[in-house]
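A.B. asks: File follows, upload05.cif with mmCIF, C-alpha atoms, pLDDT in the B column; chains and numbers go by the auth columns:
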data_run
loop_
_atom_site.group_PDB
_atom_site.id
_atom_site.type_symbol
_atom_site.label_atom_id
_atom_site.label_comp_id
_atom_site.label_asym_id
_atom_site.label_seq_id
_atom_site.Cartn_x
_atom_site.Cartn_y
_atom_site.Cartn_z
_atom_site.B_iso_or_equiv
_atom_site.auth_seq_id
_atom_site.auth_asym_id
ATOM 1 C CA MET A 1 68.092 60.050 -11.625 75.00 1 A
ATOM 2 C CA SER A 2 65.287 59.294 -14.048 84.00 2 A
ATOM 3 C CA LYS A 3 65.220 60.617 -17.558 89.00 3 A
ATOM 4 C CA THR A 4 61.801 62.180 -16.907 92.00 4 A
ATOM 5 C CA VAL A 5 63.180 64.340 -14.091 89.00 5 A
ATOM 6 C CA THR A 6 66.065 65.472 -16.278 90.00 6 A
ATOM 7 C CA ILE A 7 63.717 66.362 -19.143 94.00 7 A
ATOM 8 C CA LEU A 8 61.443 68.302 -16.761 93.00 8 A
ATOM 9 C CA PHE A 9 64.464 70.155 -15.399 93.00 9 A
ATOM 10 C CA VAL A 10 65.591 71.136 -18.901 94.00 10 A
ATOM 11 C CA LEU A 11 62.054 72.262 -19.825 96.00 11 A
ATOM 12 C CA PHE A 12 61.824 74.267 -16.602 95.00 12 A
ATOM 13 C CA ASN A 13 65.063 76.055 -17.499 94.00 13 A
ATOM 14 C CA ILE A 14 63.890 76.806 -21.042 96.00 14 A
ATOM 15 C CA VAL A 15 60.618 78.289 -19.747 94.00 15 A
ATOM 16 C CA TYR A 16 62.398 80.159 -16.943 94.00 16 A
ATOM 17 C CA PHE A 17 64.948 81.798 -19.245 92.00 17 A
ATOM 18 C CA PHE A 18 62.265 82.592 -21.835 93.00 18 A
ATOM 19 C CA ILE A 19 60.265 84.397 -19.141 90.00 19 A
ATOM 20 C CA ASP A 20 63.365 86.045 -17.693 90.00 20 A
ATOM 21 C CA TYR A 21 64.910 87.319 -20.919 89.00 21 A
ATOM 22 C CA VAL A 22 62.012 87.659 -23.368 91.00 22 A
ATOM 23 C CA LEU A 23 58.673 87.935 -21.615 90.00 23 A
ATOM 24 C CA VAL A 24 59.781 90.364 -18.894 88.00 24 A
ATOM 25 C CA THR A 25 61.063 92.802 -21.511 87.00 25 A
ATOM 26 C CA VAL A 26 57.743 92.970 -23.396 90.00 26 A
ATOM 27 C CA LEU A 27 55.391 93.062 -20.392 85.00 27 A
ATOM 28 C CA PRO A 28 53.845 96.358 -19.365 87.00 28 A
ATOM 29 C CA ASN A 29 55.420 97.732 -16.229 84.00 29 A
ATOM 30 C CA PRO A 30 52.657 98.708 -13.777 87.00 30 A
ATOM 31 C CA LEU A 31 53.367 99.259 -10.105 88.00 31 A
ATOM 32 C CA LEU A 32 52.620 96.466 -7.657 82.00 32 A
ATOM 33 C CA PHE A 33 51.659 97.436 -4.121 85.00 33 A
ATOM 34 C CA GLY A 34 52.011 101.050 -5.222 86.00 34 A
ATOM 35 C CA TRP A 35 55.829 100.982 -5.210 90.00 35 A
ATOM 36 C CA LEU A 36 57.276 97.876 -6.925 87.00 36 A
ATOM 37 C CA PRO A 37 57.466 97.785 -10.752 90.00 37 A
ATOM 38 C CA LEU A 38 56.177 94.496 -12.172 88.00 38 A
ATOM 39 C CA GLN A 39 59.370 93.755 -14.110 89.00 39 A
ATOM 40 C CA LEU A 40 61.522 94.293 -11.037 90.00 40 A
ATOM 41 C CA GLY A 41 59.219 92.085 -8.979 88.00 41 A
ATOM 42 C CA LEU A 42 59.492 89.272 -11.525 89.00 42 A
ATOM 43 C CA LEU A 43 63.274 89.618 -11.707 90.00 43 A
ATOM 44 C CA LEU A 44 63.483 89.561 -7.906 91.00 44 A
ATOM 45 C CA PHE A 45 61.201 86.610 -7.160 91.00 45 A
ATOM 46 C CA PHE A 46 61.592 84.205 -10.109 92.00 46 A
ATOM 47 C CA PRO A 47 65.273 83.483 -9.307 93.00 47 A
ATOM 48 C CA VAL A 48 64.264 82.361 -5.804 95.00 48 A
ATOM 49 C CA ILE A 49 61.962 79.725 -7.294 94.00 49 A
ATOM 50 C CA ALA A 50 64.640 78.735 -9.815 94.00 50 A
ATOM 51 C CA ALA A 51 67.277 78.411 -7.090 95.00 51 A
ATOM 52 C CA ILE A 52 65.024 76.066 -5.129 95.00 52 A
ATOM 53 C CA VAL A 53 64.374 73.899 -8.203 95.00 53 A
ATOM 54 C CA TRP A 54 68.075 73.878 -9.162 94.00 54 A
ATOM 55 C CA GLY A 55 69.086 73.006 -5.611 94.00 55 A
ATOM 56 C CA LEU A 56 66.655 70.085 -5.481 93.00 56 A
ATOM 57 C CA TYR A 57 67.809 68.829 -8.872 93.00 57 A
ATOM 58 C CA PHE A 58 71.531 69.054 -8.149 91.00 58 A
ATOM 59 C CA ASN A 59 71.081 67.526 -4.710 90.00 59 A
ATOM 60 C CA ALA A 60 69.261 64.583 -6.300 88.00 60 A
ATOM 61 C CA PHE A 61 71.906 64.380 -9.042 87.00 61 A
ATOM 62 C CA PHE A 62 74.836 64.295 -6.646 86.00 62 A
ATOM 63 C CA ASN A 63 73.071 61.648 -4.546 85.00 63 A
ATOM 64 C CA THR A 64 73.292 59.384 -7.606 85.00 64 A
ATOM 65 C CA GLN A 65 77.082 59.882 -7.845 84.00 65 A
ATOM 66 C CA LYS A 66 78.073 57.508 -5.040 81.00 66 A
ATOM 67 C CA HIS A 67 80.890 56.052 -7.136 80.00 67 A
ATOM 68 C CA VAL A 68 82.667 59.442 -7.380 74.00 68 A
ATOM 69 C CA LYS A 69 84.810 60.336 -4.398 69.00 69 A
#
Show me, as structure tokens, the structure contained in the file I just sent.

C.D. replies:
Amino acid sequence: MSKTVTILFVLFNIVYFFIDYVLVTVLPNPLLFGWLPLQLGLLLFFPVIAAIVWGLYFNAFFNTQKHVK
């Protein structure tokens, strides 16, 4: 696994947790689609994107661990 990919993964996590724990709390909370609060929508959909990125990263990481049984 290249160092660039690892650095991008760490930066993604920093940005993701900043949005999740800081930005969401200070955003206004209008309704989306007339029924879904913005903060709830962000907290529902951002983890799906993060799970996909984490899954890709860990899959690539474990593919480099051929020497571990």

A.B. asks: Could you jot down the atom CA of A:Phe9 to atom CA of A:Gln65 separation for me, Å, one decimal place?

C.D. replies: 17.9 Å

A.B. asks: Quick one: apply the PyMOL selection byres ((chain A and resi 57) around 12) to the file and drop the selected residues here as a ChimeraX atom specification.

C.D. replies: /A:1-2,5-10,12-13,50-56,58-64

A.B. asks: So that I can see what lies close to A:Pro28, please list as a count of residues only the residues with an atom at most 9 Å from it, counting all atoms listed in the file and leaving out residues fewer than 3 positions away in the same chain.

C.D. replies: 4

A.B. asks: Record the distance separating atom CA of A:Gly41 and atom CA of A:Leu23, expressed in Å with one decimal.

C.D. replies: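 Value for the atom CA of A:Gly41-atom CA of A:Leu23 distance: 13.3 Å.
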
A.B. asks: Go ahead and compute the interatomic distance for atom CA of A:Tyr16 and atom CA of A:Pro47, in Å to one decimal.

C.D. replies: 8.8 Å
